[in-house]
Structure formats: C-alpha cells, structure tokens
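K.L.:
Input structure: coords.pdb, which contains PDB, C-alpha atoms.
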```
MODEL        1
ATOM      1  CA  MET A 245     153.191  64.761  78.694
ATOM      2  CA  ARG A 246     149.574  63.826  78.135
ATOM      3  CA  GLU A 247     148.680  62.459  74.733
ATOM      4  CA  TYR A 248     145.879  64.109  72.793
ATOM      5  CA  SER A 249     142.816  61.877  72.741
ATOM      6  CA  PRO A 250     140.284  62.924  70.141
ATOM      7  CA  ASP A 251     136.563  62.774  70.889
ATOM      8  CA  LEU A 252     135.326  59.980  68.623
ATOM      9  CA  THR A 253     131.668  60.401  69.621
ATOM     10  CA  PRO A 254     129.611  60.887  66.460
ATOM     11  CA  GLN A 255     128.482  64.461  66.019
ATOM     12  CA  TRP A 256     124.837  63.469  66.065
ATOM     13  CA  LYS A 257     125.266  61.859  69.497
ATOM     14  CA  ARG A 258     126.936  64.839  71.091
ATOM     15  CA  PRO A 259     124.696  67.070  73.238
ATOM     16  CA  LYS A 260     123.711  70.263  71.501
ATOM     17  CA  ALA A 261     125.289  73.416  72.795
ATOM     18  CA  VAL A 262     122.952  75.595  74.827
ATOM     19  CA  PRO A 263     123.239  79.319  75.430
ATOM     20  CA  GLU A 264     124.897  80.695  78.526
ATOM     21  CA  VAL A 265     122.802  83.257  80.380
ATOM     22  CA  ALA A 266     124.067  85.562  83.108
ATOM     23  CA  ALA A 267     122.207  85.004  86.390
ATOM     24  CA  GLU A 268     121.221  88.635  86.813
ATOM     25  CA  PRO A 269     118.954  89.640  89.734
ATOM     26  CA  ASP A 270     115.212  89.129  89.095
ATOM     27  CA  LEU A 271     115.800  86.746  86.163
ATOM     28  CA  VAL A 272     113.072  84.093  86.398
ATOM     29  CA  VAL A 273     114.106  80.523  85.563
ATOM     30  CA  GLU A 274     112.937  76.970  86.169
ATOM     31  CA  VAL A 275     115.252  74.307  87.544
ATOM     32  CA  ALA A 276     115.678  71.505  84.986
ATOM     33  CA  GLY A 277     114.143  68.258  86.183
ATOM     34  CA  SER A 278     112.275  70.041  88.969
ATOM     35  CA  ASP A 279     109.062  71.992  89.381
ATOM     36  CA  PHE A 280     110.844  74.793  91.237
ATOM     37  CA  CYS A 281     110.624  78.132  89.484
ATOM     38  CA  GLY A 282     111.950  81.370  90.904
ATOM     39  CA  ALA A 283     113.731  84.669  90.458
ATOM     40  CA  VAL A 284     117.465  85.078  90.958
ATOM     41  CA  VAL A 285     118.211  86.839  94.237
ATOM     42  CA  ALA A 286     121.918  85.995  94.556
ATOM     43  CA  CYS A 287     124.680  84.379  92.555
ATOM     44  CA  GLU A 288     127.906  83.307  94.184
ATOM     45  CA  ALA A 289     130.816  81.268  92.861
ATOM     46  CA  GLY A 290     129.254  77.990  91.742
ATOM     47  CA  THR A 291     125.713  78.547  93.094
ATOM     48  CA  VAL A 292     122.590  80.570  92.442
ATOM     49  CA  THR A 293     119.801  81.393  94.909
ATOM     50  CA  LEU A 294     116.242  81.461  93.591
ATOM     51  CA  GLU A 295     113.094  82.760  95.296
ATOM     52  CA  ASP A 296     109.680  81.473  94.246
ATOM     53  CA  ARG A 297     106.432  83.457  94.287
ATOM     54  CA  PHE A 298     105.719  82.355  97.859
ATOM     55  CA  GLY A 299     109.006  83.781  99.139
ATOM     56  CA  LYS A 300     110.708  80.380  99.517
ATOM     57  CA  ARG A 301     114.410  80.447  98.678
ATOM     58  CA  ARG A 302     116.609  77.563  97.528
ATOM     59  CA  VAL A 303     120.238  77.329  96.436
ATOM     60  CA  PHE A 304     121.207  75.409  93.288
ATOM     61  CA  PRO A 305     124.577  74.603  91.690
ATOM     62  CA  LEU A 306     125.454  76.366  88.440
ATOM     63  CA  GLU A 307     125.538  73.171  86.438
ATOM     64  CA  PRO A 308     125.625  73.074  82.617
ATOM     65  CA  ARG A 309     122.153  72.758  81.095
ATOM     66  CA  GLY A 310     120.715  73.059  84.592
ATOM     67  CA  PHE A 311     117.898  75.556  84.008
ATOM     68  CA  LEU A 312     115.034  76.484  81.710
ATOM     69  CA  LEU A 313     114.468  80.028  80.533
ATOM     70  CA  GLU A 314     111.047  80.506  78.929
ATOM     71  CA  GLY A 315     110.993  76.752  78.308
ATOM     72  CA  ALA A 316     114.429  76.553  76.661
ATOM     73  CA  VAL A 317     117.402  74.808  78.287
ATOM     74  CA  VAL A 318     120.194  77.183  79.305
ATOM     75  CA  THR A 319     123.350  77.219  81.361
ATOM     76  CA  LEU A 320     123.358  79.896  84.022
ATOM     77  CA  VAL A 321     126.672  81.605  84.635
ATOM     78  CA  ARG A 322     127.825  84.162  87.149
ATOM     79  CA  PRO A 323     127.318  87.708  85.808
ATOM     80  CA  PRO A 324     130.511  89.434  84.691
ATOM     81  CA  ARG A 325     131.929  91.904  87.115
ATOM     82  CA  GLY A 326     131.871  95.427  85.783
ATOM     83  CA  PRO A 327     132.345  98.813  87.389
ATOM     84  CA  ALA A 328     130.726  98.838  90.809
ATOM     85  CA  ALA A 329     127.301 100.392  90.722
ATOM     86  CA  ALA A 330     126.521 103.088  93.210
ATOM     87  CA  ALA A 331     125.069 101.594  96.367
ATOM     88  CA  ARG A 332     121.510 102.605  97.079
ATOM     89  CA  THR A 333     119.376 102.863 100.162
ATOM     90  CA  ALA A 334     116.133 100.924 100.580
ATOM     91  CA  SER A 335     114.261 103.959  99.236
ATOM     92  CA  GLY A 336     116.293 103.899  96.011
ATOM     93  CA  SER A 337     118.415 106.942  96.874
ATOM     94  CA  ILE A 338     122.167 106.858  96.248
ATOM     95  CA  ALA A 339     123.828 105.845  99.508
ATOM     96  CA  VAL A 340     126.447 108.123 101.039
ATOM     97  CA  PRO A 341     129.134 105.854 102.549
ATOM     98  CA  GLY A 342     130.325 106.987 105.952
ATOM     99  CA  ALA A 343     127.760 109.766 106.209
ATOM    100  CA  ARG A 344     126.855 110.753 109.740
ATOM    101  CA  ALA A 345     123.343 111.408 110.910
ATOM    102  CA  ARG A 346     122.482 115.078 110.792
ATOM    103  CA  VAL A 347     121.422 116.894 113.938
ATOM    104  CA  ALA A 348     117.638 116.653 114.078
ATOM    105  CA  ARG A 349     115.733 119.447 112.365
ATOM    106  CA  ALA A 350     113.018 121.372 114.102
ATOM    107  CA  GLY A 351     110.636 120.018 111.464
ATOM    108  CA  ARG A 352     108.980 116.642 111.957
ATOM    109  CA  ILE A 353     106.946 114.009 110.140
ATOM    110  CA  TYR A 354     104.000 112.608 112.080
ATOM    111  CA  VAL A 355     102.373 109.302 111.133
ATOM    112  CA  GLU A 356      99.233 107.745 112.571
ATOM    113  CA  GLY A 357     100.579 104.636 114.264
ATOM    114  CA  ARG A 358     103.556 102.479 115.165
ATOM    115  CA  HIS A 359     103.221 100.297 112.084
ATOM    116  CA  ASP A 360     103.365 103.359 109.839
ATOM    117  CA  ALA A 361     106.481 104.561 111.658
ATOM    118  CA  GLU A 362     108.197 101.167 111.380
ATOM    119  CA  LEU A 363     107.477 100.934 107.663
ATOM    120  CA  VAL A 364     108.787 104.446 106.993
ATOM    121  CA  GLU A 365     111.910 103.673 109.006
ATOM    122  CA  ARG A 366     112.504 100.424 107.143
ATOM    123  CA  VAL A 367     112.473 102.047 103.712
ATOM    124  CA  TRP A 368     113.477 105.673 104.326
ATOM    125  CA  GLY A 369     115.462 105.391 107.557
ATOM    126  CA  ASP A 370     118.883 106.045 106.004
ATOM    127  CA  ASP A 371     117.594 109.061 104.089
ATOM    128  CA  LEU A 372     115.856 110.521 107.127
ATOM    129  CA  ARG A 373     118.969 110.283 109.289
ATOM    130  CA  ILE A 374     121.071 112.061 106.683
ATOM    131  CA  GLU A 375     118.404 114.773 106.383
ATOM    132  CA  GLY A 376     117.927 115.024 110.144
ATOM    133  CA  VAL A 377     114.192 114.309 110.006
ATOM    134  CA  VAL A 378     112.525 112.643 112.990
ATOM    135  CA  VAL A 379     109.375 110.548 112.493
ATOM    136  CA  GLU A 380     106.898 110.280 115.362
ATOM    137  CA  TYR A 381     103.598 108.428 115.607
ATOM    138  CA  LEU A 382     100.363 109.810 117.018
ATOM    139  CA  GLU A 383      98.081 106.809 117.731
ATOM    140  CA  GLY A 384      95.450 108.323 115.436
ATOM    141  CA  ILE A 385      94.672 111.802 114.117
ATOM    142  CA  ASP A 386      91.388 112.640 115.830
ATOM    143  CA  ASP A 387      93.128 115.466 117.718
ATOM    144  CA  LEU A 388      95.253 116.617 114.779
ATOM    145  CA  PRO A 389      94.282 120.355 114.913
ATOM    146  CA  ALA A 390      95.314 120.541 118.582
ATOM    147  CA  ILE A 391      98.505 118.568 117.868
ATOM    148  CA  VAL A 392      99.435 120.982 115.082
ATOM    149  CA  ALA A 393      98.748 123.991 117.286
ATOM    150  CA  ASP A 394     100.931 122.519 120.017
ATOM    151  CA  PHE A 395     103.735 121.898 117.522
ATOM    152  CA  ALA A 396     103.602 125.548 116.411
ATOM    153  CA  PRO A 397     104.835 125.036 112.830
ATOM    154  CA  ALA A 398     106.870 127.786 111.201
ATOM    155  CA  ALA A 399     108.904 128.372 108.043
ATOM    156  CA  ASP A 400     111.961 126.830 109.698
ATOM    157  CA  ALA A 401     109.992 124.128 111.544
ATOM    158  CA  ARG A 402     107.666 122.523 109.052
ATOM    159  CA  LEU A 403     105.373 119.647 109.862
ATOM    160  CA  GLY A 404     104.408 116.800 107.558
ATOM    161  CA  VAL A 405     101.574 114.419 108.456
ATOM    162  CA  LEU A 406     100.966 111.029 106.817
ATOM    163  CA  VAL A 407      97.327 109.944 107.089
ATOM    164  CA  ASP A 408      95.715 106.551 106.426
ATOM    165  CA  HIS A 409      92.513 106.302 104.379
ATOM    166  CA  LEU A 410      92.646 109.880 103.089
ATOM    167  CA  VAL A 411      89.824 109.631 100.559
ATOM    168  CA  PRO A 412      86.974 112.043  99.743
ATOM    169  CA  GLY A 413      84.195 111.970 102.333
ATOM    170  CA  SER A 414      86.148 110.096 104.974
ATOM    171  CA  LYS A 415      86.573 111.222 108.571
ATOM    172  CA  GLU A 416      90.285 111.558 107.862
ATOM    173  CA  SER A 417      89.680 113.934 104.953
ATOM    174  CA  ARG A 418      87.515 116.197 107.120
ATOM    175  CA  ILE A 419      90.161 116.326 109.843
ATOM    176  CA  ALA A 420      92.909 117.031 107.295
ATOM    177  CA  ALA A 421      90.880 119.884 105.796
ATOM    178  CA  SER A 422      90.737 121.588 109.189
ATOM    179  CA  VAL A 423      94.515 122.092 109.164
ATOM    180  CA  THR A 424      95.247 125.240 107.175
ATOM    181  CA  SER A 425      98.746 126.342 108.191
ATOM    182  CA  PRO A 426     101.030 126.948 105.174
ATOM    183  CA  HIS A 427     103.808 125.296 107.177
ATOM    184  CA  VAL A 428     101.937 121.985 107.453
ATOM    185  CA  LEU A 429     101.453 119.413 104.716
ATOM    186  CA  VAL A 430      98.910 116.653 105.303
ATOM    187  CA  ALA A 431      99.308 113.869 102.753
ATOM    188  CA  GLY A 432      97.765 110.438 102.736
ATOM    189  CA  HIS A 433      97.182 107.158 101.004
ATOM    190  CA  PRO A 434      93.798 105.552 100.221
ATOM    191  CA  TYR A 435      94.334 102.307 102.147
ATOM    192  CA  VAL A 436      92.319 101.367 105.237
ATOM    193  CA  ASP A 437      95.594 100.549 106.954
ATOM    194  CA  VAL A 438      99.247 100.892 106.027
ATOM    195  CA  TRP A 439      99.399  97.083 105.772
ATOM    196  CA  GLN A 440      97.712  97.433 102.375
ATOM    197  CA  ALA A 441     100.516  99.683 101.136
ATOM    198  CA  VAL A 442     102.720  96.579 100.991
ATOM    199  CA  LYS A 443     102.327  94.936  97.597
ATOM    200  CA  PRO A 444     100.562  91.550  97.721
ATOM    201  CA  SER A 445     103.363  90.102  95.574
ATOM    202  CA  ALA A 446     105.851  90.818  98.369
ATOM    203  CA  LEU A 447     103.802  88.503 100.592
ATOM    204  CA  GLY A 448     103.152  85.817  97.999
ATOM    205  CA  ILE A 449      99.404  86.495  97.864
ATOM    206  CA  ALA A 450      97.260  87.422  94.882
ATOM    207  CA  ALA A 451      95.541  90.369  96.562
ATOM    208  CA  TRP A 452      94.579  91.785  99.925
ATOM    209  CA  PRO A 453      91.239  90.287 101.034
ATOM    210  CA  VAL A 454      88.207  92.560 101.192
ATOM    211  CA  ILE A 455      86.921  92.833 104.757
ATOM    212  CA  PRO A 456      83.251  93.844 105.153
ATOM    213  CA  PRO A 457      82.531  97.101 107.020
ATOM    214  CA  GLY A 458      81.864  96.702 110.716
ATOM    215  CA  GLN A 459      84.556  94.075 111.246
ATOM    216  CA  ASP A 460      88.001  94.683 112.678
ATOM    217  CA  TRP A 461      90.069  94.965 109.522
ATOM    218  CA  LYS A 462      93.338  93.483 110.771
ATOM    219  CA  THR A 463      91.630  90.574 112.507
ATOM    220  CA  GLY A 464      89.679  89.890 109.328
ATOM    221  CA  ILE A 465      92.846  89.935 107.257
ATOM    222  CA  CYS A 466      94.468  87.349 109.529
ATOM    223  CA  ARG A 467      91.364  85.159 109.309
ATOM    224  CA  GLU A 468      91.037  85.376 105.525
ATOM    225  CA  LEU A 469      94.729  84.648 104.938
ATOM    226  CA  GLY A 470      94.801  81.769 107.393
ATOM    227  CA  TRP A 471      97.239  83.516 109.719
ATOM    228  CA  PRO A 472      97.128  83.094 113.511
ATOM    229  CA  PRO A 473      94.810  85.710 115.090
ATOM    230  CA  HIS A 474      97.699  87.767 116.389
ATOM    231  CA  THR A 475      97.892  91.084 114.567
ATOM    232  CA  GLY A 476     101.244  92.020 116.087
ATOM    233  CA  ALA A 477     102.886  88.856 114.777
ATOM    234  CA  ALA A 478     101.112  89.332 111.434
ATOM    235  CA  TRP A 479     102.586  92.813 111.095
ATOM    236  CA  GLN A 480     106.095  91.586 111.875
ATOM    237  CA  HIS A 481     105.688  89.003 109.106
ATOM    238  CA  ILE A 482     104.497  91.676 106.683
ATOM    239  CA  LEU A 483     107.311  94.044 107.634
ATOM    240  CA  SER A 484     109.917  91.297 107.202
ATOM    241  CA  ARG A 485     108.897  90.936 103.543
ATOM    242  CA  VAL A 486     109.644  94.606 102.813
ATOM    243  CA  THR A 487     113.244  95.004 101.669
ATOM    244  CA  SER A 488     113.018  98.159  99.553
ATOM    245  CA  TYR A 489     110.678 100.654  97.924
ATOM    246  CA  ARG A 490     109.903  98.034  95.267
ATOM    247  CA  ASP A 491     107.750  96.192  97.811
ATOM    248  CA  LEU A 492     105.475  99.196  98.411
ATOM    249  CA  GLU A 493     102.614 100.639  96.395
ATOM    250  CA  PRO A 494     103.477 103.792  94.413
ATOM    251  CA  THR A 495     100.680 105.720  96.163
ATOM    252  CA  LEU A 496     102.487 105.491  99.502
ATOM    253  CA  LEU A 497     105.924 106.068  97.974
ATOM    254  CA  GLY A 498     104.855 109.342  96.431
ATOM    255  CA  ARG A 499     103.280 110.682  99.605
ATOM    256  CA  VAL A 500     106.261 109.904 101.847
ATOM    257  CA  GLU A 501     108.715 111.423  99.363
ATOM    258  CA  GLU A 502     106.469 114.501  99.167
ATOM    259  CA  LEU A 503     106.488 114.885 102.951
ATOM    260  CA  ILE A 504     110.269 114.521 103.181
ATOM    261  CA  ASP A 505     110.761 117.167 100.483
ATOM    262  CA  PHE A 506     108.349 119.521 102.256
ATOM    263  CA  VAL A 507     109.949 119.197 105.685
ATOM    264  CA  THR A 508     113.502 119.545 104.348
ATOM    265  CA  ALA A 509     112.848 122.496 102.030
ATOM    266  CA  ASP A 510     114.880 125.568 102.860
ATOM    267  CA  ALA A 511     112.964 128.338 104.585
ATOM    268  CA  PRO A 512     112.247 131.279 102.251
TER     269      PRO A 512
ENDMDL
END
```
Once more with this new file: its structure as structure tokens, please.
P.N.:
Amino acid sequence: MREYSPDLTPQWKRPKAVPEVAAEPDLVVEVAGSDFCGAVVACEAGTVTLEDRFGKRRVFPLEPRGFLLEGAVVTLVRPPRGPAAAARTASGSIAVPGARARVARAGRIYVEGRHDAELVERVWGDDLRIEGVVVEYLEGIDDLPAIVADFAPAADARLGVLVDHLVPGSKESRIAASVTSPHVLVAGHPYVDVWQAVKPSALGIAAWPVIPPGQDWKTGICRELGWPPHTGAAWQHILSRVTSYRDLEPTLLGRVEELIDFVTADAP
C-alpha cells in the first residue's frame, strides 16, 4: 500500500491553474513557445492537428498549458463525445448513407469548361448523383442558342446553364439573353473564370491578383502568384484546396443551387 505523500510546495510556487478548452474544429490557437498559429482541423487521442493560414498542417501533443488562446495560456482537451451529428456532403446537405445514384434525368446542367465541371463535381457530386443530374461541359457558350435548340428542352427535360462572367454588357450576357425557352435557366457568376469563385483564404492568399485586359488571365494569375506557368497544374492545386462549400464564394454557391433546384423541379 502506497503511503500518502503530501505536496509540500508552497502555494505561491505552484503553477496557476489554467482553463481547459475543448479543441473544437476551427478554433484558432497559438502553440506555446512557438510562433505557429493555426485552426484546429482534427483532434485525436493525445494530439491535435492545426492548419495555419498558408494551409500548412502540423500535429501537436495535447500537453497541459501547451497553447495560447487570444494570448492566454490554456490546456486543450479532446472535445466531449455527444450524439453523433448528421453527416453532411461537401455542399452542406445532409448525407444519405447507403443511397444509390438515381437513374439520370432527362434534364441536364451545362457548364462552360472542364474546370467548372470539376469544381461542381467536387462540391455537389453526391447531391447530383442522388438527384440523377448529369453535368456536362461545353468548351464555351458562343454557340449556346444552337446547343439549346439541339437539346430540345421541355417541362420534363429542363436545362440549366452555368455561365462565367455574366455581368451587364458582357458578351456572355448578350448570349444568355438570346435564350428564351421557359424550360431553360441560364445563371452565372461575375468572375472572369471559375478559379476566382474559390475564396482566396482557401489558397492562403490575400486576394486574387488583378490582371490587365488583353493578357491571358490564367497565365497572368500564375505569374503574379509566383506559380509555375502551367495552368493545368495551377488548377489542380486550386481544386485540391476546395474541401466543401465553405471554400467557395456565395455568388457561385447560390447559382449552382438555383440550377439544381430548377432542373429537379417536378414538371407541372
């Protein structure tokens, strides 16, 4: 039997108690004794993973007094386990475990290019499969009226079209205005390219550079950000930083959701 051994350290020499804080996702803390500051992205037994503003992730032990929260020393602890929250898709919709993809609808969503299609798939792919909506890309919309006529939209075969740079006075706005079928919805975002619909914060940059007119926009972006002059590789880097709807600008989110609702609406 172990004998009780009292702590004879004077009270004034004992370290002051510090608050325990649950390491909830997105909590921003600084590592004590280090200049690393980041948001919590994962917390396992005994460790926490932080991601800084440049996207760099590091794992730290959950040691007492190991972190600073708004300048004050704290002890991070693993969040308590409560009732399991409903799983969600990347678009924020409630996931349906075990759901099978629906047979494709006659309706479609067309987007301008491959990058647009890949971004929509990354965020809304699960939702689209459940709804049976196929997304196709057009390589531009210059021939949109002929494409719509060839599709032959109807009440039970609606067509949604996502357009880049749909702003007043643009070529895209004039083309969109020429499509008048009630079974077609043309919606767009104001960005020169869908790259800009990814929030700068997701890439660890302050803002998207402004590229002067007359220059290739994507090439200029790579140059201004110090990326290799390979736009395909640049896009794969951008796409890899998108994990959910939170990484996209609300303007794009609203238009894609609008198109999905339009295509999946029941025929009158």
K.L.:
What does the PyMOL selection byres ((chain A and resi 497-501) around 12) select in this file, as a ChimeraX atom specification?
P.N.:
/A:334-337,353-355,360-361,363-365,367-369,371-372,379,404-408,410,429-434,438,441-443,488-496,502-508
K.L.:
What is the atom CA of Leu483 of chain A to atom CA of Cys466 of chain A distance in Å?
P.N.:
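Those two atoms sit 14.6 Å apart.
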K.L.:
Once 8 Å is added on each side, what centre and edge lengths in Å to one decimal does the axis-aligned box around all listed atoms of segment 486-502 of chain A have, as JSON?
P.N.:
```
{"center_x": 107.0, "center_y": 104.6, "center_z": 98.6, "size_x": 28.6, "size_y": 35.9, "size_z": 24.4}
```
K.L.:
Please write as number ranges by chain the full residue list that the PyMOL selection byres ((chain A and resi 448) around 7) yields on this file.
P.N.:
A: 297-299, 444-447, 449-450
K.L.:
Convert the output of the PyMOL selection byres ((chain A and resi 436) around 6) on the shown file into explicit residues, formatted as a list in words.
P.N.:
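Evaluating the PyMOL selection byres ((chain A and resi 436) around 6) on this file yields His409, Tyr435 and Asp437 of chain A.
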K.L.:
Smallest atom-to-atom distance to Pro397 of chain A: which of A:Ala348, A:Val428, A:Leu294, A:Ala261, using all atoms listed in the file?
P.N.:
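Smallest separation from Pro397 of chain A among the options: A:Val428.
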K.L.:
Could you name the residues that touch Ala286 of chain A at 10 Å or less, counting all atoms listed in the file, but leaving out those on the same chain fewer than 5 positions away, as a ChimeraX atom specification?
P.N.:
/A:267-270,291-295,303,322
K.L.:
For C-alpha atoms, I'd like the residues from the last selection saved as a PDB file, in the frame of the given file.
P.N.:
```pdb
ATOM      1  CA  ALA A 267     122.207  85.004  86.390  1.00  0.00           C
ATOM      2  CA  GLU A 268     121.221  88.635  86.813  1.00  0.00           C
ATOM      3  CA  PRO A 269     118.954  89.640  89.734  1.00  0.00           C
ATOM      4  CA  ASP A 270     115.212  89.129  89.095  1.00  0.00           C
ATOM      5  CA  THR A 291     125.713  78.547  93.094  1.00  0.00           C
ATOM      6  CA  VAL A 292     122.590  80.570  92.442  1.00  0.00           C
ATOM      7  CA  THR A 293     119.801  81.393  94.909  1.00  0.00           C
ATOM      8  CA  LEU A 294     116.242  81.461  93.591  1.00  0.00           C
ATOM      9  CA  GLU A 295     113.094  82.760  95.296  1.00  0.00           C
ATOM     10  CA  VAL A 303     120.238  77.329  96.436  1.00  0.00           C
ATOM     11  CA  ARG A 322     127.825  84.162  87.149  1.00  0.00           C
TER      12      ARG A 322
END
```
K.L.:
Which residue out of A:Val454, A:Leu382, A:Val284, A:Ala393 has the minimum interatomic distance to Ser425 of chain A when only C-alpha atoms are used?
P.N.:
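Using only C-alpha atoms, the shortest distance to Ser425 of chain A belongs to A:Ala393.
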K.L.:
Rounded to one decimal in Å, what is the spacing between atom CA of Ser422 of chain A and atom CA of Arg402 of chain A?
P.N.:
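Between atom CA of Ser422 of chain A and atom CA of Arg402 of chain A the gap works out to 17.0 Å.
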K.L.:
Take atom CA of Ala390 of chain A and atom CA of Asp460 of chain A and report the distance between them in Å, one decimal.
P.N.:
27.5 Å
K.L.:
Using all atoms listed in the file, pick whichever of A:Trp439, A:Val423, A:Arg301, A:Gly476 has the shortest atom-to-atom distance to Trp461 of chain A.
P.N.:
A:Trp439
K.L.:
If we count only C-alpha atoms and set the cut-off at 8 Å, which residues sit around Val272 of chain A, ignoring sequence neighbours fewer than 3 positions away in its own chain? Please answer as a list of chain:residue names.
P.N.:
A:Cys281, A:Gly282, A:Ala283, A:Val284, A:Leu313
K.L.:
Might you pull out every residue within 10 Å of Val317 of chain A, with all atoms listed in the file counted and same-chain residues fewer than 2 positions away left off, and present them as JSON, numbers by chain?
P.N.:
{"A": [261, 262, 263, 264, 273, 274, 275, 276, 308, 309, 310, 311, 312, 313, 314, 315, 319, 320]}
K.L.:
I need the residue nearest Arg366 of chain A from this list: A:Ala477, A:Arg418, A:Thr333, A:Pro323. Use all atoms listed in the file for the distance.
P.N.:
A:Thr333
K.L.:
Rank A:His474, A:His481, A:Arg352, A:His359 by their smallest atom-to-atom distance to Val377 of chain A, using all atoms listed in the file, and report the top residue only.
P.N.:
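Looking at the shortest contact to Val377 of chain A, the residue is A:Arg352.
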